[in-house]
Each structure stands twice: as C-alpha cells, then as structure tokens.
Amino acid sequence: MTDRHDPAPYIDLKGIRKGYRIGTETVSIFADLDLAIAGGAFVAIMGPSGSGKSTLLNMLAGIESPDAGQLMIGGNRLDRMGEASRTAWRAHNMGMVFQFYNLLPMLTAAENVELPLLLKPLSGKERRLRTEKVLDLVGLAGREKQYPTRMSGGQQQRVGIARAIVADPGLLLCDEPTGDLDRKSADDILAMLGFLNRELCKTIVMVTHDPQAARHANRVLHLDKGEFAEERSAA
Amino acid sequence: MTFFRFTWKNIWRKPLRTLLLTVCVSVAFLIYGLTASFLAGAQGSAGSSDDILGVMSSAGRSHPLPLALLPRITSTPGVAAVTYTARLRGFVGTEKNVVNLTATDPDALLAINGRELGLSADLVGALGAARDRILVGRALADAQGWTVGQQVALTAFQTARQDGDRNWRFEIAGIFEGENASTDTYFMIGRYDYLNAARARDKDTVDAFILRPGDGVSTGALAARIDAAFANSASPTRTQSEKQFLEAFLRQYADVGLIIDLVVGASFTTLLLIVVNTMVFAIRERTFEIGLLKTLGFSRWRILSLVLGETLLIFLAGGVLGLALAKLGAGIAGPALGLILSAVVLAKALALILGLGLATGALPAANAMRIPVTAAFRTR
Ligand SMILES: Nc1ncnc2c1ncn2[C@@H]1O[C@H](COP(=O)(O)OP(=O)(O)OP(=O)(O)O)[C@@H](O)[C@H]1O
Ligand SMILES: [Mg+2]
C-alpha cells in the first residue's frame, strides 16, 4: 500500500515479514506487509486484538526488527541497523506514548519529561527551559514538582506526551494513548495530538480501538490478519 | 536533573533496603579499618625493625639478665652499639591507664634507635639534665594530654622504691615523635641509672640488651653467636630481632595475621553475597523500567553505568562511614592498642570500596544491560 501523493514517503515498509517462535512453531504475524506514510501525516491504525498493531508499532520504533523486508524511516534503513544504532536513532528521532503512560514513579513530572534530554548535549539550564516549555505546551505549567502517582490519568498522559516530544523528534508513535482514559480526557489528549500534528508538523502513528479517536487522524488503516484490509482517508 | 540525581532517586526508592545495605557495607569496612590499623600499627609487627636485636633471658621476658654481661656482648664481633633497658610498668591515675617506662642509657639509645624513635641530641641532652627526667612518646603524650615540664606520677605494678613505696615521680623533659606513623610512641624513656639506684630489688639487672649490628653483619648469625656464647653460662640468652620478637609475641595467642585475614575475608564475602543478591532482585523488579529507558534511547552502556553507579554510591557511602568510624575508634582506643589508620590503609580501603562496588554491581548491571526492550514490555 503506497501513498501515491508523496514520491518519497517518510515511513516506507516493503515486504515486511514478522513472526514469533512459540516452541518449535513459528506463528506468522506479517507475511508480506507494505506501508507508506507521508511526512506530517496523522495515521490511526485499528484492528482486532492480536492483529499485530503493537508489533507493527514496535517495529517502527526499532524495538523489534522484521524477519525480512525493508523498513525505512526518514531515509534510515532501520532493518539494517544494529540494536545500538537503533537505540541512538530512537533518542533523536522518535517519541513514544503508551496506554499506561509508563512514567517513573520516583521522578516528578518535570523529571520524567527531562529524562530523554539527559541523552542530549545540553546544559542543565537548557534542559530545564525545554522541559518547562513542553509542560506548558501540554497544559501542565505549575505542576513540574508533582509526582505522577498524584495525577489523574489524563494528566499523566500529558506528561507522557511531553516526554515524547521534549527531544523534538519528527515521529510520534502512540499505542492506544487513550485506552485508559475517560471520554473527556481522551478527547483532550486526541486534540493535543492533533495540535502537535498540525502546528508542530509531527508525523503521528497511533494504534487505537476507539473509532472516535480515529476521527482525529487524517488517515485510518485497518489491520486484520497481518494485512491492511481497508483504508479511509479523512477529509 | 542529572544522571547523578537520577541514580540517587533510584537508590532511595526503597529507603530501608538502601539503609540496610549501607549499614552492611559500613560494618564490613569498620572491621576492615580496625583490623588493618591493627596490622599496620605498632601492635602489629609491621612498624618494627628487623635489624635491631634484643637480647633477653632464655627463661622468658620476666627474667632479668645481669648488667655484667654488657662487656662480653659489646665485644662480640659484629656488634656496632649496645644499650640496655629495664622496664617500669605501672599506671597513671586509674589502674586501667597502663603506661610503660623504658629505662636506658640515653646516649647509647640515641646511637642505636635514635632515628626510629625520632630522638635528637637535644632531647637526649634534656634527659641528662636531672635524674628523674623522662621523654614521652607523641602518642602517649597526646593520649594523656601531657606537655613538656609537667610532673608525672606513676604507680608501678611491681617495682618498689627502696622505702617500699611504688609511686614514682618524673618530670617530662621532651616529647619524641617517632620516625613515622607506624612507630610505637606510646611509652616513656627514662634513665637507667636513676631507676637502678632507686629501686629496692633487681639491682644491676636489665630486662634486655638492645644492639645494632655493624654494617653488612647478618642479624641471624650474630644472634646465634651471642646465644652460643652464653648458652652454658648462669644466664643463657635468647636473641631476636624486634620484629621476630613481636611476631612471636603475637603468635603466642594465635596467628593473628591469618585470623584477621579470615575475618576480613569472611566479612567481605558475606557483604558481596548480600549486596549482589539484593541488587539483582532490585534490578529484576525494574525490568520493565529498564526496557522503557531503552525505548527512550538509553544505550546498553548507559544502563550498565546507571546500575554500577548505584552500587558504587552505596559502597562509597557505607565505606566512608565505616572508615570514619574506624578512624574514630583508632583515635580513641588507638595509641594503647597500637591502632594506626594510616594513609596506606586508607588508600587500600578506597581501592577496595571501588573494586567491591564494581564487582557487586557487575552482575546486576550486566543483567540490566541484557534486558531486551520487548521482553521488558511483555512483563506488563
Ligand atoms: N514476543 C512475542 N512472542 C510470541 N508471540 C507474540 C509476541 N509478541 C506478540 N505476539 C503475538 O503476536 C500477535 C500480535 O500481537 P500484538 O501485540 O501486535 O497485537 P495487537 O494488535 O497489538 O493486539 P492488542 O489490540 O490486544 O494490543 C498476538 O497473537 C500475540 O500473541
Ligand atoms: Mg497492542
């Protein structure tokens, strides 16, 4: 499945094969998957449980590698990189947002957000300024010193988003970012992702079960049995 | 936030666990600090000389030798200089405050042992000014708070004066410093002529002759020659180097060095097991988080150093605390017990802190480093 409007897609998957060994058997998740996503797109991926959505997202994040095929993001062949280079690549090019936020409980909101910046050659002051800026952006100004365990789910997910964008990556990968939130908080988070996509030009790939959430995306893919079954482009 | 602060916050997630680990480490290093000080100190034999010989009665330390042996010892070939000593053991103030006075011929002592004890011609000269004058070692003077010119009243355990009184009065003529930290300076030097004249019994006897062999003379051969000369006399002798004497003295009780090595080795082995075990579990609890850090872009080496940093910090905190306590202990009980927490002991302890910190961190850190990102996520 290629995006014919963009000659050089930002994300380009060709002939991806991926399976898991369970005992002696190999269970195939993807046999021959193609996918092209243009830079600046906001893509929602839907599909039944076990269809391989998280597996796909993890491959895009360079956390899992395909058994075969080409996995190109922003001109980098992730399938050809070793673990160390993929880790370094992640630090600079990608932010991840999780269903259960995955914040570190012993760190304050600001410290959680600042964590990825420790990997950058920035002074303590620059790190603090950047952290403040993104916390402000996600509407958490003034809560820098609060611990995540004292925050609502919606607030925690904002911290999660702030952490994902603080190092200013081009790509945001979200695995059911609203799966654990009530409608109101979910809509806030989705609006925020839309804002990041429109105003800060982040390319977003979001896995979701929520048809409402998919509405915020400008492209929706349905994954079933290792293949994209249909596609709906939002207006 | 910095990496250090991040490590710090990780350490204090389980305050009780960290506290207990730190206490473990500090106890181990307290034991190490005290035992190493003991070995390095004057009670151990490290600071004592191998080339000064002592001639004592073969019947034992408490049997004196006649001073009349002096000419024959002096004229033994290979002997460069000889002096003689009589001991005055007693206490000052309370009975627990035991002190020793070595009565000798000061000029001869200067020739034999002057450098090791830090004696100077001036000090020895001050001693000569009056018969009841003494020189006090630095460790003893500091422990008792004595200064030059002060009077010291010593009650002897056995040695009585001619009138039967066991109280002796001396005046401090000077303080000798010792050549270095491991020199035993917890004693006093007095004049033999005075002690000998004033005491009621054991007149004209000595507890030991101290001699320095001439250049190039084998101490072992010289000792054998002297003992052979007196073997069939009325006062057979036993000649040993100061070091041999102290080692033999300590071995009376047991092989102290070996026991100390065993104790220290056991405490460090236990420590190693406790800390490795605890840290392995602490890291296993954090498998998910470590996977998360990897998704954020933390490399394997950063993860490794984070975990190593944690154990190192615990070892540094505990180790420094333990050594500080050892230093305090050596300071309080030190001079009398011969405990010396020297720079060498401290340097070795620091090397041990770093070495053990890294060694105990290695296994959990390697485990953490190897956690695959995905496996971490599947634990949820
Ligand atoms: N490490 C693994 N080992 C074995 N099987 C795995 C592994 N990871 C995923 N699978 C299997 O691969 C399939 C796809 O899993 P994946 O997590 O990608 O699904 P998903 O679409 O995200 O599902 P859900 O909506 O429930 O999150 C599932 O059948 C899952 O059991
Ligand atoms: Mg999933």
# chains A, B, ... in the order shown; residues from 1 in each chain; ligands from 1
call {"tool": "select_by_dssp", "arguments": {"residues": "range 59-228 of chain A", "states": "strand (DSSP E or B)", "output": "ChimeraX atom specification"}}
result
/A:68-73,76-77,94-97,171-175,203-207,219-224,227-228
call {"tool": "write_last_selection", "arguments": {"atoms": "N, CA, C and O atoms", "output": "tab-separated table (two decimals), in the first residue's frame"}}
result
chain	number	residue	atom	x	y	z
A	68	ALA	N	12.19	-10.10	7.69
A	68	ALA	CA	12.65	-9.81	6.32
A	68	ALA	C	11.94	-8.55	5.86
A	68	ALA	O	10.95	-8.12	6.47
A	69	GLY	N	12.44	-7.96	4.80
A	69	GLY	CA	11.81	-6.78	4.25
A	69	GLY	C	12.58	-5.51	4.58
A	69	GLY	O	13.58	-5.55	5.30
A	70	GLN	N	12.07	-4.43	4.01
A	70	GLN	CA	12.76	-3.16	4.15
A	70	GLN	C	11.95	-2.24	5.04
A	70	GLN	O	10.74	-2.07	4.85
A	71	LEU	N	12.63	-1.62	6.02
A	71	LEU	CA	11.95	-0.74	6.96
A	71	LEU	C	12.71	0.58	6.97
A	71	LEU	O	13.78	0.70	7.55
A	72	MET	N	12.15	1.54	6.24
A	72	MET	CA	12.85	2.82	6.10
A	72	MET	C	12.06	3.92	6.77
A	72	MET	O	10.86	4.08	6.55
A	73	ILE	N	12.75	4.70	7.61
A	73	ILE	CA	12.10	5.86	8.23
A	73	ILE	C	13.02	7.06	8.08
A	73	ILE	O	14.17	7.02	8.52
A	76	ASN	N	16.40	6.39	6.85
A	76	ASN	CA	17.25	5.42	7.56
A	76	ASN	C	16.69	4.01	7.41
A	76	ASN	O	15.50	3.78	7.63
A	77	ARG	N	17.56	3.08	7.05
A	77	ARG	CA	17.13	1.68	6.96
A	77	ARG	C	17.21	1.03	8.34
A	77	ARG	O	18.25	0.48	8.73
A	94	MET	N	12.40	9.82	17.53
A	94	MET	CA	11.11	9.24	17.79
A	94	MET	C	10.68	9.41	19.24
A	94	MET	O	11.49	9.32	20.14
A	95	GLY	N	9.39	9.68	19.43
A	95	GLY	CA	8.85	9.72	20.77
A	95	GLY	C	7.73	8.70	20.86
A	95	GLY	O	7.04	8.44	19.88
A	96	MET	N	7.58	8.09	22.04
A	96	MET	CA	6.56	7.06	22.18
A	96	MET	C	5.59	7.42	23.29
A	96	MET	O	5.99	7.88	24.36
A	97	VAL	N	4.30	7.20	23.02
A	97	VAL	CA	3.26	7.44	24.03
A	97	VAL	C	2.55	6.11	24.28
A	97	VAL	O	2.20	5.41	23.33
A	171	LEU	N	8.85	12.02	14.71
A	171	LEU	CA	7.85	10.95	14.67
A	171	LEU	C	7.32	10.64	16.07
A	171	LEU	O	8.09	10.51	17.02
A	172	LEU	N	5.98	10.56	16.16
A	172	LEU	CA	5.36	10.16	17.43
A	172	LEU	C	4.63	8.84	17.22
A	172	LEU	O	3.81	8.73	16.32
A	173	LEU	N	4.93	7.85	18.03
A	173	LEU	CA	4.24	6.57	17.95
A	173	LEU	C	3.41	6.41	19.22
A	173	LEU	O	3.93	6.53	20.32
A	174	CYS	N	2.11	6.18	19.03
A	174	CYS	CA	1.23	6.12	20.20
A	174	CYS	C	0.48	4.79	20.18
A	174	CYS	O	-0.21	4.47	19.22
A	175	ASP	N	0.65	4.00	21.25
A	175	ASP	CA	-0.04	2.72	21.34
A	175	ASP	C	-1.23	2.86	22.28
A	175	ASP	O	-1.06	2.87	23.50
A	203	THR	N	4.86	13.78	12.59
A	203	THR	CA	4.22	12.63	11.95
A	203	THR	C	3.77	11.71	13.08
A	203	THR	O	4.57	11.38	13.96
A	204	ILE	N	2.48	11.34	13.06
A	204	ILE	CA	1.96	10.55	14.17
A	204	ILE	C	1.38	9.24	13.65
A	204	ILE	O	0.60	9.23	12.69
A	205	VAL	N	1.80	8.14	14.27
A	205	VAL	CA	1.16	6.85	14.01
A	205	VAL	C	0.55	6.39	15.32
A	205	VAL	O	1.28	6.22	16.31
A	206	MET	N	-0.75	6.22	15.32
A	206	MET	CA	-1.45	5.93	16.56
A	206	MET	C	-2.26	4.64	16.41
A	206	MET	O	-3.09	4.51	15.52
A	207	VAL	N	-2.02	3.71	17.29
A	207	VAL	CA	-2.83	2.50	17.35
A	207	VAL	C	-4.00	2.78	18.28
A	207	VAL	O	-3.81	3.34	19.37
A	219	ARG	N	-5.79	9.76	8.33
A	219	ARG	CA	-5.76	8.52	7.57
A	219	ARG	C	-5.97	7.37	8.55
A	219	ARG	O	-5.38	7.37	9.64
A	220	VAL	N	-6.84	6.45	8.20
A	220	VAL	CA	-7.13	5.34	9.10
A	220	VAL	C	-6.87	4.03	8.38
A	220	VAL	O	-7.36	3.82	7.26
A	221	LEU	N	-6.07	3.18	9.01
A	221	LEU	CA	-5.75	1.88	8.42
A	221	LEU	C	-6.37	0.80	9.29
A	221	LEU	O	-6.32	0.89	10.52
A	222	HIS	N	-6.94	-0.22	8.64
A	222	HIS	CA	-7.49	-1.34	9.40
A	222	HIS	C	-6.62	-2.55	9.19
A	222	HIS	O	-6.43	-3.00	8.06
A	223	LEU	N	-6.09	-3.04	10.27
A	223	LEU	CA	-5.19	-4.18	10.19
A	223	LEU	C	-5.97	-5.42	10.59
A	223	LEU	O	-6.64	-5.45	11.61
A	224	ASP	N	-5.91	-6.43	9.74
A	224	ASP	CA	-6.57	-7.69	10.09
A	224	ASP	C	-5.79	-8.84	9.51
A	224	ASP	O	-5.45	-8.83	8.33
A	227	GLU	N	-2.76	-8.01	7.47
A	227	GLU	CA	-2.83	-7.19	6.25
A	227	GLU	C	-3.72	-5.99	6.49
A	227	GLU	O	-4.61	-6.03	7.35
A	228	PHE	N	-3.50	-4.94	5.73
A	228	PHE	CA	-4.39	-3.79	5.82
A	228	PHE	C	-5.62	-4.08	4.98
A	228	PHE	O	-5.53	-4.28	3.77
call {"tool": "residues_near_ligand", "arguments": {"ligand": "ligand 2", "cutoff": "9 Å", "atoms": "only C-alpha atoms and all ligand atoms", "output": "PDB file with N, CA and C atoms, in the first residue's frame"}}
result
ATOM      1  N   SER A  49      -7.907  -7.335  18.371  1.00  0.00           N
ATOM      2  CA  SER A  49      -6.811  -7.699  19.273  1.00  0.00           C
ATOM      3  C   SER A  49      -6.010  -8.851  18.681  1.00  0.00           C
ATOM      4  N   GLY A  50      -4.729  -8.738  18.750  1.00  0.00           N
ATOM      5  CA  GLY A  50      -3.876  -9.808  18.244  1.00  0.00           C
ATOM      6  C   GLY A  50      -3.583  -9.690  16.762  1.00  0.00           C
ATOM      7  N   SER A  51      -4.053  -8.604  16.125  1.00  0.00           N
ATOM      8  CA  SER A  51      -3.839  -8.476  14.687  1.00  0.00           C
ATOM      9  C   SER A  51      -2.422  -7.995  14.358  1.00  0.00           C
ATOM     10  N   GLY A  52      -1.694  -7.577  15.370  1.00  0.00           N
ATOM     11  CA  GLY A  52      -0.293  -7.196  15.130  1.00  0.00           C
ATOM     12  C   GLY A  52      -0.054  -5.695  15.149  1.00  0.00           C
ATOM     13  N   LYS A  53      -0.990  -4.936  15.708  1.00  0.00           N
ATOM     14  CA  LYS A  53      -0.832  -3.480  15.726  1.00  0.00           C
ATOM     15  C   LYS A  53       0.388  -3.060  16.548  1.00  0.00           C
ATOM     16  N   SER A  54       0.479  -3.624  17.739  1.00  0.00           N
ATOM     17  CA  SER A  54       1.621  -3.259  18.592  1.00  0.00           C
ATOM     18  C   SER A  54       2.926  -3.749  17.984  1.00  0.00           C
ATOM     19  N   THR A  55       2.866  -4.918  17.375  1.00  0.00           N
ATOM     20  CA  THR A  55       4.070  -5.442  16.746  1.00  0.00           C
ATOM     21  C   THR A  55       4.558  -4.487  15.649  1.00  0.00           C
ATOM     22  N   LEU A  57       3.917  -1.268  15.443  1.00  0.00           N
ATOM     23  CA  LEU A  57       4.402  -0.040  16.077  1.00  0.00           C
ATOM     24  C   LEU A  57       5.810  -0.249  16.654  1.00  0.00           C
ATOM     25  N   ASP A 175       0.650   4.001  21.252  1.00  0.00           N
ATOM     26  CA  ASP A 175      -0.038   2.718  21.337  1.00  0.00           C
ATOM     27  C   ASP A 175      -1.227   2.858  22.283  1.00  0.00           C
ATOM     28  N   GLU A 176      -2.403   2.995  21.697  1.00  0.00           N
ATOM     29  CA  GLU A 176      -3.636   3.191  22.457  1.00  0.00           C
ATOM     30  C   GLU A 176      -3.484   4.273  23.519  1.00  0.00           C
ATOM     31  N   VAL A 207      -2.024   3.706  17.290  1.00  0.00           N
ATOM     32  CA  VAL A 207      -2.834   2.496  17.350  1.00  0.00           C
ATOM     33  C   VAL A 207      -4.002   2.776  18.284  1.00  0.00           C
ATOM     34  N   THR A 208      -5.212   2.427  17.852  1.00  0.00           N
ATOM     35  CA  THR A 208      -6.358   2.692  18.726  1.00  0.00           C
ATOM     36  C   THR A 208      -7.499   1.712  18.463  1.00  0.00           C
TER      37      THR A 208
END
call {"tool": "closest_residue", "arguments": {"among": "A:Ala109, A:Ala31, A:Ala41, A:Leu135", "to": "chain B", "atoms": "only C-alpha atoms"}}
result
A:Ala109
call {"tool": "closest_residue", "arguments": {"among": "B:Thr2, B:Ser235, B:Asn277, B:Gln150", "to": "Gly124 in chain A", "atoms": "only C-alpha atoms"}}
result
B:Thr2
call {"tool": "residues_around", "arguments": {"residues": "Thr83 in chain B", "least_positions_apart": "4", "cutoff": "8 Å", "atoms": "only C-alpha atoms", "output": "ChimeraX atom specification"}}
result
/B:104-105,108-109,112,209-211
call {"tool": "interface_residues", "arguments": {"of": "chain B", "to": "chain A", "cutoff": "10 Å", "atoms": "only C-alpha atoms", "output": "ChimeraX atom specification"}}
result
/B:1-3,5-6,9-13,288-289,291-302,372-374,380
call {"tool": "residues_around", "arguments": {"residues": "Glu310 in chain B", "least_positions_apart": "3", "cutoff": "8 Å", "atoms": "only C-alpha atoms", "output": "PDB file with all heavy atoms, in the first residue's frame"}}
result
ATOM      1  N   THR B   7      20.281   8.544  39.450  1.00  0.00           N
ATOM      2  CA  THR B   7      20.800   7.408  40.217  1.00  0.00           C
ATOM      3  C   THR B   7      20.390   7.526  41.673  1.00  0.00           C
ATOM      4  O   THR B   7      19.942   6.575  42.305  1.00  0.00           O
ATOM      5  CB  THR B   7      22.336   7.379  40.117  1.00  0.00           C
ATOM      6  OG1 THR B   7      22.699   7.463  38.749  1.00  0.00           O
ATOM      7  CG2 THR B   7      22.906   6.105  40.710  1.00  0.00           C
ATOM      8  N   TRP B   8      20.548   8.728  42.179  1.00  0.00           N
ATOM      9  CA  TRP B   8      20.214   8.997  43.581  1.00  0.00           C
ATOM     10  C   TRP B   8      18.755   8.650  43.859  1.00  0.00           C
ATOM     11  O   TRP B   8      18.408   8.012  44.853  1.00  0.00           O
ATOM     12  CB  TRP B   8      20.498  10.479  43.851  1.00  0.00           C
ATOM     13  CG  TRP B   8      20.346  10.887  45.274  1.00  0.00           C
ATOM     14  CD1 TRP B   8      19.329  11.628  45.798  1.00  0.00           C
ATOM     15  CD2 TRP B   8      21.227  10.570  46.358  1.00  0.00           C
ATOM     16  NE1 TRP B   8      19.532  11.794  47.145  1.00  0.00           N
ATOM     17  CE2 TRP B   8      20.684  11.159  47.510  1.00  0.00           C
ATOM     18  CE3 TRP B   8      22.417   9.847  46.454  1.00  0.00           C
ATOM     19  CZ2 TRP B   8      21.277  11.055  48.756  1.00  0.00           C
ATOM     20  CZ3 TRP B   8      23.016   9.739  47.699  1.00  0.00           C
ATOM     21  CH2 TRP B   8      22.448  10.336  48.821  1.00  0.00           C
ATOM     22  N   ASN B  10      16.849   6.663  42.190  1.00  0.00           N
ATOM     23  CA  ASN B  10      16.673   5.215  42.094  1.00  0.00           C
ATOM     24  C   ASN B  10      17.056   4.531  43.400  1.00  0.00           C
ATOM     25  O   ASN B  10      16.386   3.622  43.866  1.00  0.00           O
ATOM     26  CB  ASN B  10      17.537   4.651  40.965  1.00  0.00           C
ATOM     27  CG  ASN B  10      16.735   4.514  39.681  1.00  0.00           C
ATOM     28  OD1 ASN B  10      15.548   4.219  39.727  1.00  0.00           O
ATOM     29  ND2 ASN B  10      17.382   4.733  38.557  1.00  0.00           N
ATOM     30  N   ILE B  11      18.175   5.000  43.977  1.00  0.00           N
ATOM     31  CA  ILE B  11      18.660   4.398  45.218  1.00  0.00           C
ATOM     32  C   ILE B  11      17.646   4.542  46.339  1.00  0.00           C
ATOM     33  O   ILE B  11      17.424   3.619  47.123  1.00  0.00           O
ATOM     34  CB  ILE B  11      19.996   5.057  45.633  1.00  0.00           C
ATOM     35  CG1 ILE B  11      21.112   4.567  44.731  1.00  0.00           C
ATOM     36  CG2 ILE B  11      20.320   4.750  47.080  1.00  0.00           C
ATOM     37  CD1 ILE B  11      22.446   5.145  45.087  1.00  0.00           C
ATOM     38  N   LEU B 306      24.372   3.167  34.936  1.00  0.00           N
ATOM     39  CA  LEU B 306      23.389   3.578  35.949  1.00  0.00           C
ATOM     40  C   LEU B 306      23.372   2.591  37.113  1.00  0.00           C
ATOM     41  O   LEU B 306      23.381   2.978  38.281  1.00  0.00           O
ATOM     42  CB  LEU B 306      21.991   3.662  35.337  1.00  0.00           C
ATOM     43  CG  LEU B 306      21.632   4.960  34.625  1.00  0.00           C
ATOM     44  CD1 LEU B 306      20.286   4.828  33.914  1.00  0.00           C
ATOM     45  CD2 LEU B 306      21.586   6.123  35.601  1.00  0.00           C
ATOM     46  N   VAL B 307      23.365   1.296  36.768  1.00  0.00           N
ATOM     47  CA  VAL B 307      23.312   0.276  37.823  1.00  0.00           C
ATOM     48  C   VAL B 307      24.633   0.240  38.600  1.00  0.00           C
ATOM     49  O   VAL B 307      24.639   0.189  39.835  1.00  0.00           O
ATOM     50  CB  VAL B 307      22.980  -1.107  37.233  1.00  0.00           C
ATOM     51  CG1 VAL B 307      22.996  -2.164  38.320  1.00  0.00           C
ATOM     52  CG2 VAL B 307      21.628  -1.072  36.551  1.00  0.00           C
ATOM     53  N   LEU B 313      27.701   4.060  44.622  1.00  0.00           N
ATOM     54  CA  LEU B 313      27.266   5.084  45.579  1.00  0.00           C
ATOM     55  C   LEU B 313      27.034   4.468  46.954  1.00  0.00           C
ATOM     56  O   LEU B 313      27.447   5.022  47.973  1.00  0.00           O
ATOM     57  CB  LEU B 313      25.980   5.738  45.091  1.00  0.00           C
ATOM     58  CG  LEU B 313      26.120   7.093  44.416  1.00  0.00           C
ATOM     59  CD1 LEU B 313      24.764   7.612  43.976  1.00  0.00           C
ATOM     60  CD2 LEU B 313      26.769   8.086  45.360  1.00  0.00           C
ATOM     61  N   ILE B 314      26.371   3.300  46.957  1.00  0.00           N
ATOM     62  CA  ILE B 314      26.102   2.635  48.238  1.00  0.00           C
ATOM     63  C   ILE B 314      27.420   2.247  48.906  1.00  0.00           C
ATOM     64  O   ILE B 314      27.609   2.441  50.107  1.00  0.00           O
ATOM     65  CB  ILE B 314      25.201   1.408  48.019  1.00  0.00           C
ATOM     66  CG1 ILE B 314      23.794   1.875  47.660  1.00  0.00           C
ATOM     67  CG2 ILE B 314      25.179   0.525  49.262  1.00  0.00           C
ATOM     68  CD1 ILE B 314      22.833   0.763  47.299  1.00  0.00           C
ATOM     69  N   GLY B 361      28.314  -4.667  41.531  1.00  0.00           N
ATOM     70  CA  GLY B 361      27.399  -4.092  40.542  1.00  0.00           C
ATOM     71  C   GLY B 361      27.437  -4.831  39.221  1.00  0.00           C
ATOM     72  O   GLY B 361      26.492  -4.757  38.434  1.00  0.00           O
TER      73      GLY B 361
END
call {"tool": "atom_distance", "arguments": {"atom1": "CA of Thr311 in chain B", "atom2": "CA of Arg370 in chain B"}}
result
17.9 Å
call {"tool": "atom_distance", "arguments": {"atom1": "CA of Ser57 in chain B", "atom2": "CA of Arg89 in chain B"}}
result
18.3 Å
call {"tool": "select_by_dssp", "arguments": {"residues": "range 80-168 of chain A", "states": "helix (DSSP H, G or I)", "output": "VMD selection string"}}
result
chain A and resid 80 83 to 93 109 to 119 124 to 137 148 to 150 153 to 165
call {"tool": "atom_distance", "arguments": {"atom1": "atom 15 (O, counted along the ligand's line) of ligand 1", "atom2": "CA of Ile29 in chain A"}}
result
7.5 Å
call {"tool": "residues_around", "arguments": {"residues": "Gly39 in chain A", "least_positions_apart": "4", "cutoff": "9 Å", "atoms": "only C-alpha atoms", "output": "PDB file with N, CA, C and O atoms, in the first residue's frame"}}
result
ATOM      1  N   ASP A   6       3.000  11.151  -2.473  1.00  0.00           N
ATOM      2  CA  ASP A   6       4.330  11.527  -1.994  1.00  0.00           C
ATOM      3  C   ASP A   6       5.366  10.597  -2.609  1.00  0.00           C
ATOM      4  O   ASP A   6       5.372   9.402  -2.343  1.00  0.00           O
ATOM      5  N   ALA A   8       8.540  10.346  -2.025  1.00  0.00           N
ATOM      6  CA  ALA A   8       9.485   9.760  -1.071  1.00  0.00           C
ATOM      7  C   ALA A   8       8.828   9.741   0.296  1.00  0.00           C
ATOM      8  O   ALA A   8       8.954  10.689   1.057  1.00  0.00           O
ATOM      9  N   PRO A   9       8.079   8.677   0.621  1.00  0.00           N
ATOM     10  CA  PRO A   9       7.360   8.652   1.897  1.00  0.00           C
ATOM     11  C   PRO A   9       8.319   8.672   3.083  1.00  0.00           C
ATOM     12  O   PRO A   9       9.441   8.173   2.993  1.00  0.00           O
ATOM     13  N   TYR A  10       7.843   9.281   4.172  1.00  0.00           N
ATOM     14  CA  TYR A  10       8.670   9.392   5.375  1.00  0.00           C
ATOM     15  C   TYR A  10       8.890   8.013   5.982  1.00  0.00           C
ATOM     16  O   TYR A  10      10.011   7.654   6.355  1.00  0.00           O
ATOM     17  N   ILE A  11       7.795   7.241   6.043  1.00  0.00           N
ATOM     18  CA  ILE A  11       7.908   5.856   6.512  1.00  0.00           C
ATOM     19  C   ILE A  11       7.621   4.941   5.337  1.00  0.00           C
ATOM     20  O   ILE A  11       6.612   5.111   4.646  1.00  0.00           O
ATOM     21  N   GLY A  74      12.479   8.090   7.437  1.00  0.00           N
ATOM     22  CA  GLY A  74      13.258   9.313   7.269  1.00  0.00           C
ATOM     23  C   GLY A  74      14.610   9.055   6.615  1.00  0.00           C
ATOM     24  O   GLY A  74      15.602   9.693   6.962  1.00  0.00           O
ATOM     25  N   GLY A 170      10.777  13.875  15.051  1.00  0.00           N
ATOM     26  CA  GLY A 170       9.834  14.097  13.963  1.00  0.00           C
ATOM     27  C   GLY A 170       8.655  13.138  14.022  1.00  0.00           C
ATOM     28  O   GLY A 170       7.598  13.402  13.463  1.00  0.00           O
ATOM     29  N   LEU A 171       8.849  12.016  14.711  1.00  0.00           N
ATOM     30  CA  LEU A 171       7.846  10.950  14.674  1.00  0.00           C
ATOM     31  C   LEU A 171       7.318  10.639  16.073  1.00  0.00           C
ATOM     32  O   LEU A 171       8.088  10.507  17.024  1.00  0.00           O
ATOM     33  N   CYS A 201       4.010  19.869  13.114  1.00  0.00           N
ATOM     34  CA  CYS A 201       4.360  19.018  11.981  1.00  0.00           C
ATOM     35  C   CYS A 201       4.904  17.655  12.384  1.00  0.00           C
ATOM     36  O   CYS A 201       5.749  17.089  11.693  1.00  0.00           O
ATOM     37  N   LYS A 202       4.427  17.127  13.519  1.00  0.00           N
ATOM     38  CA  LYS A 202       4.864  15.784  13.911  1.00  0.00           C
ATOM     39  C   LYS A 202       4.130  14.747  13.059  1.00  0.00           C
ATOM     40  O   LYS A 202       2.914  14.855  12.869  1.00  0.00           O
ATOM     41  N   THR A 203       4.861  13.777  12.585  1.00  0.00           N
ATOM     42  CA  THR A 203       4.222  12.633  11.953  1.00  0.00           C
ATOM     43  C   THR A 203       3.768  11.709  13.078  1.00  0.00           C
ATOM     44  O   THR A 203       4.569  11.382  13.963  1.00  0.00           O
ATOM     45  N   ILE A 204       2.479  11.344  13.057  1.00  0.00           N
ATOM     46  CA  ILE A 204       1.963  10.549  14.170  1.00  0.00           C
ATOM     47  C   ILE A 204       1.376   9.241  13.652  1.00  0.00           C
ATOM     48  O   ILE A 204       0.599   9.230  12.692  1.00  0.00           O
TER      49      ILE A 204
END
call {"tool": "residues_around", "arguments": {"residues": "Val23 in chain B", "least_positions_apart": "4", "cutoff": "10 Å", "atoms": "only C-alpha atoms", "output": "VMD selection string"}}
result
chain B and resid 17 to 19 27 to 29 314 to 315 317 to 319 321 to 322
